[in-house]
Amino acid sequence: MNLIITKSINFNRLLFSLTKMPFKIEYLEPISNIFLKFLIFLIAKFTTSQFSRVKMGKFYFNKKEKLFKVSSRSATKLMKKHRLSIFKLSNSKFLNIITDIALRDIWYENINNFLVYHYAEIRKKELKKSNIENLYILNKINNLSFGIINKFTIAFSIEIIRINIKFLKFILLPLNKNKKQNILINKVDSIFLASENFANNVNELTLRNQQIISENVSGNINYLVIDLIKDKYYNAYKIKDINKGSIFEFCLLIEKLLPSISDYWHKKYVFNLLNLLSTLKTVFKIWSVCRLFKANNYYANGNSDDVAGLLIVSQLFNVPTYIFQYSLLYYMNPLVHTPYANILGFTKNHIKMYENESKNFNLIKTDSKRFNYPYSSLISKKRIENLKSKLEQNFQLSIAFFDENYFRDNSKIHANGCYFYDDYIKEVKFLLKIAYQNKNLALVFKSQFVHNTIFNLIERNNELRKFYNENQIFNISVSNSHNDRNIVTPSEIAQSVDLSISCTMGGTAGYESLSVGCRTLFVNSRCSIYEDFFSKNLLLDNIEELRNILEGINYSRENLFKTNIGETDLFNKKIL
């Protein structure tokens, strides 16, 4: 039998496979084409050939790393090479930032491409022990194409924008010739792109909200937040609609950013008209607000299409942009890094990773900064005391579980993951089972997202329902209008329980838990650099090890507090 390993199955690859019968195809990405699915069903039914979808990212590259981490690192390294090759020869910051949007899509694609190759290397080593005759890898790394089609795509995109700008100027010039705009410029320390919900009252400030995040990141209350989703901006409790600025003035600014065809024709830009138009729309919204305020810094919590707009506005007004750390990132990637922004981090390791990724670009003056952990809410002492009192009076031990956002089985983007719904359910089932067997143990579930609350999981899963005891299980969840996030913060739950469980994949909830003095154990994902810094009393090889720990303390908080389980000096230099 022949073994065929591929990222995805399409009609061409299926046709190739038919020439290698009998075969076994191991593929990564889900198949969405119904007709293709039907053909695969027929081939599998009437021949000895096999089709197997494999979650390749879950395989181990070595004892310390999974293939997801290794392939992500490989794709990021290649993207840095692409970035350098484009940015070094470019004289247009504007087109570099637009190009970065397209490069992020290629980065996503290449994680899957590298994953197939790394997985194939593992399978090659196993061939001697199997009945596989030949191995075929149907996959290519996207090394970018800068051919004539790409050149014409770029030229068309830029020149169509230039023509439209000139047309708009021609139409609007008579209307603006003698018109003077008297704009009152206000001063603020910082301008943020909103990533969280706006708190409308004091009570909502005790739940995850943008105001407290902005205050903790900037270190003061003199900030302004732009909410692109709701088309509003605010500081403190003053909310205003984003009133669009002068289109004529905006055209003048953008026209200056567009290089002549002789400047960009021989450069290796990668984008299309859609990228350009979408970004200009975002730039216009952000510029419409920023033109009214003189700010010292711009802030965002990642590198997205919206942040591309912020970076362009920062070039227009010569204001530095900072990407602030909001996770114990398992590796540096293009979603949280841009060579046109500096880093504001709460751990030295994150700052170091960011700076290393920015090396060799020399696009901005390096100005990395350190800040305290950005708690996202005020503390509700009343809620903490109520839950803590209830847990201590009725149970001998309480454990909080901060879940990890799992990869989706039906998503092409998530196909490279190392932690899926079945892994998540396995962990939840284990926790419910030990609670079911020990009536003096309370479990407090605080999911990242509302759709993943323990109640929703139990409704969808009969296996979990078998071990569910409503008297021992506590679900802590509050929804919001901005996104699907559960806006109860980990720090609140951590101050109510005896022990918390987190994962090193993201790790932020666990870090926050430790920061408020709660003993915390991290399940080793083998995808984070921080695993090397955690001592043995903090790290679980897998969640099943928790049973031995709990049996060792006889499920007692009194016994737990006599040990060093989950306890550490969080601000020790080695950890940070």
# chains A, B, ... in the order shown; residues from 1 in each chain; ligands from 1
>>> select_by_dssp(residues="stretch 109-196 of chain A", states="helix (DSSP H, G or I)", output="mmCIF file with N, CA, C and O atoms, in the first residue's frame")
data_model
loop_
_atom_site.group_PDB
_atom_site.id
_atom_site.type_symbol
_atom_site.label_atom_id
_atom_site.label_comp_id
_atom_site.auth_asym_id
_atom_site.auth_seq_id
_atom_site.Cartn_x
_atom_site.Cartn_y
_atom_site.Cartn_z
ATOM 1 N N GLU A 109 -1.619 29.915 6.397
ATOM 2 C CA GLU A 109 -1.562 28.823 5.426
ATOM 3 C C GLU A 109 -0.298 27.989 5.614
ATOM 4 O O GLU A 109 -0.328 26.761 5.545
ATOM 5 N N ASN A 110 0.816 28.668 5.868
ATOM 6 C CA ASN A 110 2.089 27.959 5.979
ATOM 7 C C ASN A 110 2.244 27.168 7.274
ATOM 8 O O ASN A 110 3.041 26.233 7.326
ATOM 9 N N ILE A 111 1.509 27.525 8.320
ATOM 10 C CA ILE A 111 1.531 26.687 9.523
ATOM 11 C C ILE A 111 1.071 25.287 9.143
ATOM 12 O O ILE A 111 1.694 24.281 9.514
ATOM 13 N N ASN A 112 -0.014 25.206 8.385
ATOM 14 C CA ASN A 112 -0.527 23.912 7.940
ATOM 15 C C ASN A 112 0.445 23.224 6.993
ATOM 16 O O ASN A 112 0.639 22.000 7.049
ATOM 17 N N ASN A 113 1.060 24.008 6.100
ATOM 18 C CA ASN A 113 2.028 23.428 5.159
ATOM 19 C C ASN A 113 3.219 22.818 5.885
ATOM 20 O O ASN A 113 3.640 21.693 5.590
ATOM 21 N N PHE A 114 3.776 23.557 6.831
ATOM 22 C CA PHE A 114 4.923 23.036 7.590
ATOM 23 C C PHE A 114 4.513 21.848 8.447
ATOM 24 O O PHE A 114 5.291 20.904 8.625
ATOM 25 N N LEU A 115 3.301 21.900 8.966
ATOM 26 C CA LEU A 115 2.822 20.808 9.811
ATOM 27 C C LEU A 115 2.806 19.490 9.040
ATOM 28 O O LEU A 115 3.201 18.437 9.565
ATOM 29 N N VAL A 116 2.368 19.537 7.797
ATOM 30 C CA VAL A 116 2.345 18.325 6.961
ATOM 31 C C VAL A 116 3.748 17.764 6.786
ATOM 32 O O VAL A 116 3.976 16.554 6.887
ATOM 33 N N TYR A 117 4.715 18.644 6.529
ATOM 34 C CA TYR A 117 6.092 18.179 6.332
ATOM 35 C C TYR A 117 6.693 17.609 7.611
ATOM 36 O O TYR A 117 7.368 16.569 7.589
ATOM 37 N N HIS A 118 6.461 18.280 8.735
ATOM 38 C CA HIS A 118 6.987 17.761 10.008
ATOM 39 C C HIS A 118 6.327 16.428 10.361
ATOM 40 O O HIS A 118 6.995 15.507 10.859
ATOM 41 N N TYR A 119 5.041 16.323 10.083
ATOM 42 C CA TYR A 119 4.333 15.072 10.350
ATOM 43 C C TYR A 119 4.854 13.958 9.438
ATOM 44 O O TYR A 119 5.035 12.812 9.877
ATOM 45 N N ALA A 120 5.113 14.303 8.192
ATOM 46 C CA ALA A 120 5.636 13.312 7.238
ATOM 47 C C ALA A 120 6.992 12.772 7.688
ATOM 48 O O ALA A 120 7.297 11.582 7.476
ATOM 49 N N GLU A 121 7.799 13.633 8.314
ATOM 50 C CA GLU A 121 9.095 13.182 8.818
ATOM 51 C C GLU A 121 8.915 12.113 9.892
ATOM 52 O O GLU A 121 9.678 11.138 9.961
ATOM 53 N N ILE A 122 7.918 12.287 10.743
ATOM 54 C CA ILE A 122 7.633 11.293 11.771
ATOM 55 C C ILE A 122 7.166 9.982 11.142
ATOM 56 O O ILE A 122 7.597 8.887 11.525
ATOM 57 N N ARG A 123 6.295 10.108 10.138
ATOM 58 C CA ARG A 123 5.760 8.905 9.483
ATOM 59 C C ARG A 123 6.841 8.144 8.725
ATOM 60 O O ARG A 123 6.804 6.910 8.647
ATOM 61 N N LYS A 124 7.817 8.870 8.179
ATOM 62 C CA LYS A 124 8.921 8.213 7.464
ATOM 63 C C LYS A 124 9.669 7.252 8.378
ATOM 64 O O LYS A 124 10.075 6.164 7.966
ATOM 65 N N LYS A 125 9.834 7.648 9.625
ATOM 66 C CA LYS A 125 10.567 6.821 10.586
ATOM 67 C C LYS A 125 9.793 5.552 10.943
ATOM 68 O O LYS A 125 10.371 4.582 11.411
ATOM 69 N N GLU A 126 8.473 5.588 10.724
ATOM 70 C CA GLU A 126 7.634 4.453 11.091
ATOM 71 C C GLU A 126 7.417 3.465 9.950
ATOM 72 O O GLU A 126 6.845 2.395 10.147
ATOM 73 N N LEU A 127 7.870 3.837 8.739
ATOM 74 C CA LEU A 127 7.567 3.019 7.560
ATOM 75 C C LEU A 127 8.146 1.611 7.642
ATOM 76 O O LEU A 127 7.561 0.656 7.139
ATOM 77 N N LYS A 128 9.305 1.487 8.257
ATOM 78 C CA LYS A 128 9.957 0.175 8.339
ATOM 79 C C LYS A 128 9.119 -0.822 9.137
ATOM 80 O O LYS A 128 9.214 -2.032 8.931
ATOM 81 N N LYS A 129 8.302 -0.281 10.044
ATOM 82 C CA LYS A 129 7.495 -1.158 10.895
ATOM 83 C C LYS A 129 6.099 -1.397 10.316
ATOM 84 O O LYS A 129 5.257 -2.018 10.952
ATOM 85 N N ILE A 148 4.675 38.535 -12.820
ATOM 86 C CA ILE A 148 4.049 39.645 -13.534
ATOM 87 C C ILE A 148 2.588 39.838 -13.124
ATOM 88 O O ILE A 148 2.092 40.975 -13.066
ATOM 89 N N ILE A 149 1.889 38.721 -12.804
ATOM 90 C CA ILE A 149 0.480 38.838 -12.381
ATOM 91 C C ILE A 149 0.391 39.608 -11.074
ATOM 92 O O ILE A 149 -0.472 40.488 -10.901
ATOM 93 N N ASN A 150 1.295 39.296 -10.137
ATOM 94 C CA ASN A 150 1.316 40.011 -8.865
ATOM 95 C C ASN A 150 1.622 41.491 -9.074
ATOM 96 O O ASN A 150 1.009 42.363 -8.445
ATOM 97 N N LYS A 151 2.554 41.787 -9.982
ATOM 98 C CA LYS A 151 2.909 43.187 -10.266
ATOM 99 C C LYS A 151 1.700 43.963 -10.789
ATOM 100 O O LYS A 151 1.443 45.099 -10.370
ATOM 101 N N PHE A 152 0.952 43.341 -11.715
ATOM 102 C CA PHE A 152 -0.217 44.012 -12.268
ATOM 103 C C PHE A 152 -1.339 44.151 -11.225
ATOM 104 O O PHE A 152 -2.079 45.137 -11.229
ATOM 105 N N THR A 153 -1.453 43.161 -10.332
ATOM 106 C CA THR A 153 -2.445 43.237 -9.252
ATOM 107 C C THR A 153 -2.160 44.421 -8.344
ATOM 108 O O THR A 153 -3.071 45.185 -7.978
ATOM 109 N N ILE A 154 -0.888 44.573 -7.980
ATOM 110 C CA ILE A 154 -0.475 45.690 -7.121
ATOM 111 C C ILE A 154 -0.694 47.015 -7.854
ATOM 112 O O ILE A 154 -1.251 47.975 -7.283
ATOM 113 N N ALA A 155 -0.258 47.078 -9.116
ATOM 114 C CA ALA A 155 -0.393 48.316 -9.896
ATOM 115 C C ALA A 155 -1.859 48.709 -10.054
ATOM 116 O O ALA A 155 -2.223 49.876 -9.886
ATOM 117 N N PHE A 156 -2.692 47.735 -10.365
ATOM 118 C CA PHE A 156 -4.125 48.005 -10.516
ATOM 119 C C PHE A 156 -4.708 48.540 -9.214
ATOM 120 O O PHE A 156 -5.464 49.524 -9.210
ATOM 121 N N SER A 157 -4.363 47.895 -8.086
ATOM 122 C CA SER A 157 -4.906 48.280 -6.783
ATOM 123 C C SER A 157 -4.528 49.714 -6.428
ATOM 124 O O SER A 157 -5.376 50.506 -5.998
ATOM 125 N N ILE A 158 -3.254 50.044 -6.602
ATOM 126 C CA ILE A 158 -2.781 51.385 -6.222
ATOM 127 C C ILE A 158 -3.321 52.444 -7.174
ATOM 128 O O ILE A 158 -3.816 53.495 -6.736
ATOM 129 N N GLU A 159 -3.267 52.172 -8.462
ATOM 130 C CA GLU A 159 -3.650 53.206 -9.436
ATOM 131 C C GLU A 159 -5.151 53.455 -9.448
ATOM 132 O O GLU A 159 -5.590 54.577 -9.693
ATOM 133 N N ILE A 160 -5.953 52.424 -9.176
ATOM 134 C CA ILE A 160 -7.395 52.649 -9.118
ATOM 135 C C ILE A 160 -7.752 53.529 -7.925
ATOM 136 O O ILE A 160 -8.658 54.368 -7.995
ATOM 137 N N ILE A 161 -7.006 53.366 -6.827
ATOM 138 C CA ILE A 161 -7.195 54.240 -5.664
ATOM 139 C C ILE A 161 -6.748 55.659 -6.006
ATOM 140 O O ILE A 161 -7.439 56.640 -5.698
ATOM 141 N N ARG A 162 -5.616 55.776 -6.679
ATOM 142 C CA ARG A 162 -5.099 57.096 -7.032
ATOM 143 C C ARG A 162 -6.077 57.844 -7.954
ATOM 144 O O ARG A 162 -6.338 59.034 -7.782
ATOM 145 N N ILE A 163 -6.623 57.133 -8.940
ATOM 146 C CA ILE A 163 -7.567 57.742 -9.883
ATOM 147 C C ILE A 163 -8.813 58.229 -9.146
ATOM 148 O O ILE A 163 -9.304 59.346 -9.382
ATOM 149 N N ASN A 164 -9.318 57.405 -8.221
ATOM 150 C CA ASN A 164 -10.513 57.784 -7.466
ATOM 151 C C ASN A 164 -10.259 58.971 -6.551
ATOM 152 O O ASN A 164 -11.128 59.832 -6.372
ATOM 153 N N ILE A 165 -9.057 59.019 -5.980
ATOM 154 C CA ILE A 165 -8.709 60.148 -5.120
ATOM 155 C C ILE A 165 -8.656 61.438 -5.928
ATOM 156 O O ILE A 165 -9.172 62.488 -5.510
ATOM 157 N N LYS A 166 -8.050 61.366 -7.083
ATOM 158 C CA LYS A 166 -7.968 62.553 -7.948
ATOM 159 C C LYS A 166 -9.363 63.010 -8.380
ATOM 160 O O LYS A 166 -9.656 64.217 -8.448
ATOM 161 N N PHE A 167 -10.233 62.046 -8.659
ATOM 162 C CA PHE A 167 -11.606 62.378 -9.056
ATOM 163 C C PHE A 167 -12.349 63.061 -7.897
ATOM 164 O O PHE A 167 -13.030 64.074 -8.090
ATOM 165 N N LEU A 168 -12.200 62.496 -6.692
ATOM 166 C CA LEU A 168 -12.854 63.078 -5.524
ATOM 167 C C LEU A 168 -12.323 64.472 -5.234
ATOM 168 O O LEU A 168 -13.076 65.386 -4.888
ATOM 169 N N LYS A 169 -11.027 64.655 -5.392
ATOM 170 C CA LYS A 169 -10.428 65.978 -5.185
ATOM 171 C C LYS A 169 -11.012 66.993 -6.169
ATOM 172 O O LYS A 169 -11.317 68.136 -5.801
ATOM 173 N N PHE A 170 -11.168 66.556 -7.412
ATOM 174 C CA PHE A 170 -11.705 67.431 -8.454
ATOM 175 C C PHE A 170 -13.137 67.862 -8.120
ATOM 176 O O PHE A 170 -13.526 69.017 -8.277
ATOM 177 N N ILE A 171 -13.918 66.907 -7.608
ATOM 178 C CA ILE A 171 -15.313 67.186 -7.264
ATOM 179 C C ILE A 171 -15.410 68.063 -6.011
ATOM 180 O O ILE A 171 -16.229 68.988 -5.933
ATOM 181 N N LEU A 172 -14.554 67.760 -5.028
ATOM 182 C CA LEU A 172 -14.671 68.412 -3.728
ATOM 183 C C LEU A 172 -13.910 69.721 -3.609
ATOM 184 O O LEU A 172 -14.179 70.512 -2.691
ATOM 185 N N LEU A 173 -12.955 69.952 -4.503
ATOM 186 C CA LEU A 173 -12.123 71.159 -4.404
ATOM 187 C C LEU A 173 -12.944 72.452 -4.376
ATOM 188 O O LEU A 173 -12.716 73.311 -3.512
ATOM 189 N N PRO A 174 -13.908 72.637 -5.281
ATOM 190 C CA PRO A 174 -14.692 73.884 -5.241
ATOM 191 C C PRO A 174 -15.436 74.083 -3.922
ATOM 192 O O PRO A 174 -15.628 75.209 -3.463
ATOM 193 N N LEU A 175 -15.875 72.963 -3.322
ATOM 194 C CA LEU A 175 -16.628 73.047 -2.073
ATOM 195 C C LEU A 175 -15.742 73.360 -0.880
ATOM 196 O O LEU A 175 -16.218 73.818 0.167
ATOM 197 N N ASN A 176 -14.422 73.067 -1.013
ATOM 198 C CA ASN A 176 -13.499 73.243 0.105
ATOM 199 C C ASN A 176 -12.509 74.390 -0.093
ATOM 200 O O ASN A 176 -11.660 74.614 0.756
#
>>> select_by_dssp(residues="stretch 195-368 of chain A", states="strand (DSSP E)", output="list in words")
Tyr223, Leu224, Val225, Ile226, Asp227, Lys232, Tyr233, Tyr234, Asn235, Lys238, Ile239, Lys240, Asp241, Phe293, Lys294, Ala295, Asn296, Asn297, Tyr298, Tyr299, Ala300, Thr321, Tyr322, Ile323, Phe324, Asn342, Ile343, Leu344 and Gly345 of chain A
>>> atom_distance(atom1="atom CA of A:Leu28", atom2="atom CA of A:Ser528")
22.6 Å
>>> atom_distance(atom1="atom CA of A:Arg465", atom2="atom CA of A:Tyr424")
15.1 Å
>>> residues_around(residues="stretch 341-344 of chain A", least_positions_apart="3", cutoff="9 Å", atoms="only C-alpha atoms", output="number ranges by chain")
A: 217, 311, 320-325, 337-338, 350-351, 354-355, 358, 364-371
>>> write_last_selection(atoms="C-alpha atoms", output="short mmCIF file (atom, residue, chain, number, x, y, z; two decimals), in the first residue's frame")
data_model
loop_
_atom_site.label_atom_id
_atom_site.label_comp_id
_atom_site.auth_asym_id
_atom_site.auth_seq_id
_atom_site.Cartn_x
_atom_site.Cartn_y
_atom_site.Cartn_z
CA VAL A 217 -2.07 49.66 30.59
CA LEU A 311 -0.33 52.05 12.44
CA PRO A 320 4.29 55.78 18.57
CA THR A 321 2.13 52.66 18.72
CA TYR A 322 2.54 49.93 21.34
CA ILE A 323 1.28 46.36 21.23
CA PHE A 324 0.63 45.51 24.87
CA GLN A 325 1.04 41.99 26.20
CA HIS A 337 3.81 41.53 16.47
CA THR A 338 4.50 44.21 13.90
CA HIS A 350 7.55 38.25 26.12
CA ILE A 351 9.49 41.49 25.65
CA TYR A 354 9.05 40.59 20.63
CA GLU A 355 12.39 42.39 20.36
CA SER A 358 11.82 43.01 15.41
CA ILE A 364 11.31 52.45 14.34
CA LYS A 365 13.30 53.59 17.32
CA THR A 366 13.17 50.71 19.80
CA ASP A 367 11.38 51.73 22.99
CA SER A 368 10.22 48.60 24.78
CA LYS A 369 8.51 49.16 28.12
CA ARG A 370 7.57 47.07 31.13
CA PHE A 371 4.30 47.39 33.05
#
>>> closest_atom_pairs(of="stretch 50-92 of chain A", to="stretch 259-281 of chain A", cutoff="9 Å", atoms="only C-alpha atoms", output="tab-separated table")
residue	atom	partner	partner_atom	distance
A:Ser85	CA	A:Lys268	CA	7.7
A:Ile86	CA	A:Lys268	CA	5.4
A:Phe87	CA	A:Lys268	CA	8.7
A:Leu89	CA	A:Lys267	CA	6.8
A:Ser90	CA	A:Lys267	CA	6.5
A:Asn91	CA	A:Asp263	CA	7.8
A:Ser92	CA	A:Pro259	CA	7.0
>>> closest_atom_pairs(of="stretch 295-339 of chain A", to="stretch 507-517 of chain A", cutoff="8 Å", atoms="only C-alpha atoms", output="CSV")
residue,atom,partner,partner_atom,distance
A:Tyr326,CA,A:Thr508,CA,7.4
A:Ser327,CA,A:Thr508,CA,5.1
A:Leu328,CA,A:Gly507,CA,5.4
A:Leu329,CA,A:Gly507,CA,7.7
>>> write_last_selection(atoms="C-alpha atoms", output="PDB file, in the first residue's frame")
ATOM      1  CA  TYR A 326      -2.140  40.298  27.280  1.00  0.00           C
ATOM      2  CA  SER A 327      -1.123  36.647  27.384  1.00  0.00           C
ATOM      3  CA  LEU A 328       1.666  34.286  28.371  1.00  0.00           C
ATOM      4  CA  LEU A 329       2.219  33.732  24.676  1.00  0.00           C
TER       5      LEU A 329
END
>>> residues_around(residues="stretch 396-408 of chain A", least_positions_apart="2", cutoff="8 Å", atoms="only C-alpha atoms", output="ChimeraX atom specification")
/A:391-392,394,410-411,414-415,417-421,424,440-448,490,493-494,497-503,505-506,509-510,555-557
>>> write_last_selection(atoms="C-alpha atoms", output="mmCIF file, in the first residue's frame")
data_model
loop_
_atom_site.group_PDB
_atom_site.id
_atom_site.type_symbol
_atom_site.label_atom_id
_atom_site.label_comp_id
_atom_site.auth_asym_id
_atom_site.auth_seq_id
_atom_site.Cartn_x
_atom_site.Cartn_y
_atom_site.Cartn_z
ATOM 1 C CA LEU A 391 -17.284 27.013 49.520
ATOM 2 C CA GLU A 392 -15.538 26.971 52.907
ATOM 3 C CA ASN A 394 -19.898 23.337 52.644
ATOM 4 C CA ASN A 410 -14.592 21.849 11.291
ATOM 5 C CA SER A 411 -12.319 24.865 10.713
ATOM 6 C CA HIS A 414 -7.904 25.503 13.364
ATOM 7 C CA ALA A 415 -6.893 22.245 11.675
ATOM 8 C CA GLY A 417 -4.198 22.657 16.525
ATOM 9 C CA CYS A 418 -2.930 20.507 19.357
ATOM 10 C CA TYR A 419 -5.973 20.775 21.664
ATOM 11 C CA PHE A 420 -9.479 19.996 20.422
ATOM 12 C CA TYR A 421 -13.003 19.593 21.756
ATOM 13 C CA TYR A 424 -11.337 19.520 26.442
ATOM 14 C CA ASN A 440 -16.442 17.192 49.946
ATOM 15 C CA LEU A 441 -14.854 18.625 46.790
ATOM 16 C CA ALA A 442 -16.340 21.669 45.017
ATOM 17 C CA LEU A 443 -15.543 22.531 41.403
ATOM 18 C CA VAL A 444 -15.853 26.092 40.134
ATOM 19 C CA PHE A 445 -15.921 26.425 36.339
ATOM 20 C CA LYS A 446 -15.051 29.795 34.779
ATOM 21 C CA SER A 447 -14.992 29.379 30.999
ATOM 22 C CA GLN A 448 -13.341 31.889 28.653
ATOM 23 C CA PRO A 490 -9.975 34.862 36.783
ATOM 24 C CA ILE A 493 -12.608 33.394 41.122
ATOM 25 C CA ALA A 494 -9.024 32.766 42.264
ATOM 26 C CA VAL A 497 -11.095 29.034 45.897
ATOM 27 C CA ASP A 498 -8.267 26.993 47.408
ATOM 28 C CA LEU A 499 -6.615 25.864 44.172
ATOM 29 C CA SER A 500 -6.950 26.668 40.479
ATOM 30 C CA ILE A 501 -6.130 24.704 37.317
ATOM 31 C CA SER A 502 -4.966 26.406 34.125
ATOM 32 C CA CYS A 503 -2.999 25.462 31.008
ATOM 33 C CA MET A 505 -1.141 27.092 26.164
ATOM 34 C CA GLY A 506 -2.321 30.619 26.973
ATOM 35 C CA ALA A 509 -5.762 32.952 33.701
ATOM 36 C CA GLY A 510 -3.237 30.923 35.694
ATOM 37 C CA TYR A 555 -8.934 16.296 49.484
ATOM 38 C CA SER A 556 -8.366 18.763 52.321
ATOM 39 C CA ARG A 557 -7.606 22.492 52.138
#
>>> residues_around(residues="A:Asn333", least_positions_apart="2", cutoff="12 Å", atoms="only C-alpha atoms", output="VMD selection string")
chain A and resid 69 71 to 80 103 to 104 107 to 108 111 302 to 304 329 to 331 335 to 339 350 353 to 354 356 to 358
>>> closest_residue(among="A:Lys536, A:Lys381, A:Arg526, A:His482", to="A:Phe198", atoms="only C-alpha atoms")
A:His482
>>> residues_around(residues="A:Ser314", least_positions_apart="3", cutoff="10 Å", atoms="only C-alpha atoms", output="MDAnalysis selection string")
chainID A and resid 286:287 290 297:298 308:311 317:321 340:341
>>> atom_distance(atom1="atom CA of A:Lys285", atom2="atom CA of A:Tyr237")
20.7 Å
>>> closest_residue(among="A:Phe94, A:Phe293, A:Tyr530, A:Phe449", to="A:Asp189", atoms="only C-alpha atoms")
A:Phe293
>>> residues_around(residues="A:Glu204", least_positions_apart="3", cutoff="12 Å", atoms="only C-alpha atoms", output="list in words")
Asn197, Phe198, Ala199, Asn200, Asn201, Leu207, Arg208, Asn209, Gln210, Gln211, Ile212, Ser376, Ser377, Leu378, Ile379, Ser380, Val478, Ser479, Asn480, Ile487, Val488 and Thr489 of chain A
>>> write_last_selection(atoms="N, CA and C atoms", output="CSV table (one decimal), in the first residue's frame")
chain,number,residue,atom,x,y,z
A,197,ASN,N,-15.7,45.2,26.1
A,197,ASN,CA,-16.9,45.9,26.3
A,197,ASN,C,-16.8,47.2,27.1
A,198,PHE,N,-17.6,48.1,26.8
A,198,PHE,CA,-17.6,49.4,27.6
A,198,PHE,C,-18.5,49.2,28.9
A,199,ALA,N,-18.0,49.5,30.0
A,199,ALA,CA,-18.7,49.4,31.3
A,199,ALA,C,-19.6,50.7,31.4
A,200,ASN,N,-20.9,50.5,31.6
A,200,ASN,CA,-21.8,51.6,31.6
A,200,ASN,C,-22.1,52.1,33.0
A,201,ASN,N,-21.6,51.4,34.0
A,201,ASN,CA,-21.8,51.8,35.4
A,201,ASN,C,-20.8,51.2,36.3
A,207,LEU,N,-16.5,43.8,36.3
A,207,LEU,CA,-16.4,42.7,35.2
A,207,LEU,C,-15.5,43.2,34.2
A,208,ARG,N,-15.0,42.3,33.4
A,208,ARG,CA,-14.0,42.6,32.3
A,208,ARG,C,-14.5,43.8,31.5
A,209,ASN,N,-13.7,44.8,31.4
A,209,ASN,CA,-14.2,46.0,30.6
A,209,ASN,C,-13.0,46.8,30.1
A,210,GLN,N,-13.2,47.6,29.1
A,210,GLN,CA,-12.2,48.3,28.4
A,210,GLN,C,-11.6,49.4,29.2
A,211,GLN,N,-12.4,50.1,30.0
A,211,GLN,CA,-11.9,51.2,30.8
A,211,GLN,C,-10.8,50.8,31.8
A,212,ILE,N,-11.0,49.7,32.5
A,212,ILE,CA,-10.0,49.3,33.5
A,212,ILE,C,-8.7,48.8,32.8
A,376,SER,N,-8.3,43.4,34.2
A,376,SER,CA,-9.3,43.9,33.4
A,376,SER,C,-10.6,44.4,34.1
A,377,SER,N,-10.6,44.4,35.4
A,377,SER,CA,-11.7,44.8,36.2
A,377,SER,C,-11.4,45.2,37.6
A,378,LEU,N,-12.3,45.9,38.2
A,378,LEU,CA,-12.1,46.2,39.6
A,378,LEU,C,-12.6,44.9,40.4
A,379,ILE,N,-12.3,44.9,41.6
A,379,ILE,CA,-12.6,43.7,42.4
A,379,ILE,C,-13.9,43.9,43.1
A,380,SER,N,-14.8,42.9,43.0
A,380,SER,CA,-16.1,42.9,43.8
A,380,SER,C,-15.8,42.1,45.1
A,478,VAL,N,-20.8,35.5,33.0
A,478,VAL,CA,-21.6,36.7,32.7
A,478,VAL,C,-21.3,37.0,31.2
A,479,SER,N,-22.4,37.2,30.4
A,479,SER,CA,-22.2,37.6,29.0
A,479,SER,C,-22.1,39.1,28.8
A,480,ASN,N,-21.7,39.5,27.6
A,480,ASN,CA,-21.7,40.9,27.3
A,480,ASN,C,-22.1,41.1,25.8
A,487,ILE,N,-17.2,37.6,31.0
A,487,ILE,CA,-16.5,38.7,31.5
A,487,ILE,C,-16.2,38.7,33.0
A,488,VAL,N,-16.5,37.6,33.6
A,488,VAL,CA,-16.0,37.4,35.0
A,488,VAL,C,-14.5,37.2,34.9
A,489,THR,N,-13.7,37.8,35.7
A,489,THR,CA,-12.3,37.7,35.6
A,489,THR,C,-11.7,36.6,36.5
>>> closest_residue(among="A:Leu252, A:Asn416, A:Leu193, A:Leu550", to="A:Tyr223", atoms="only C-alpha atoms")
A:Leu193
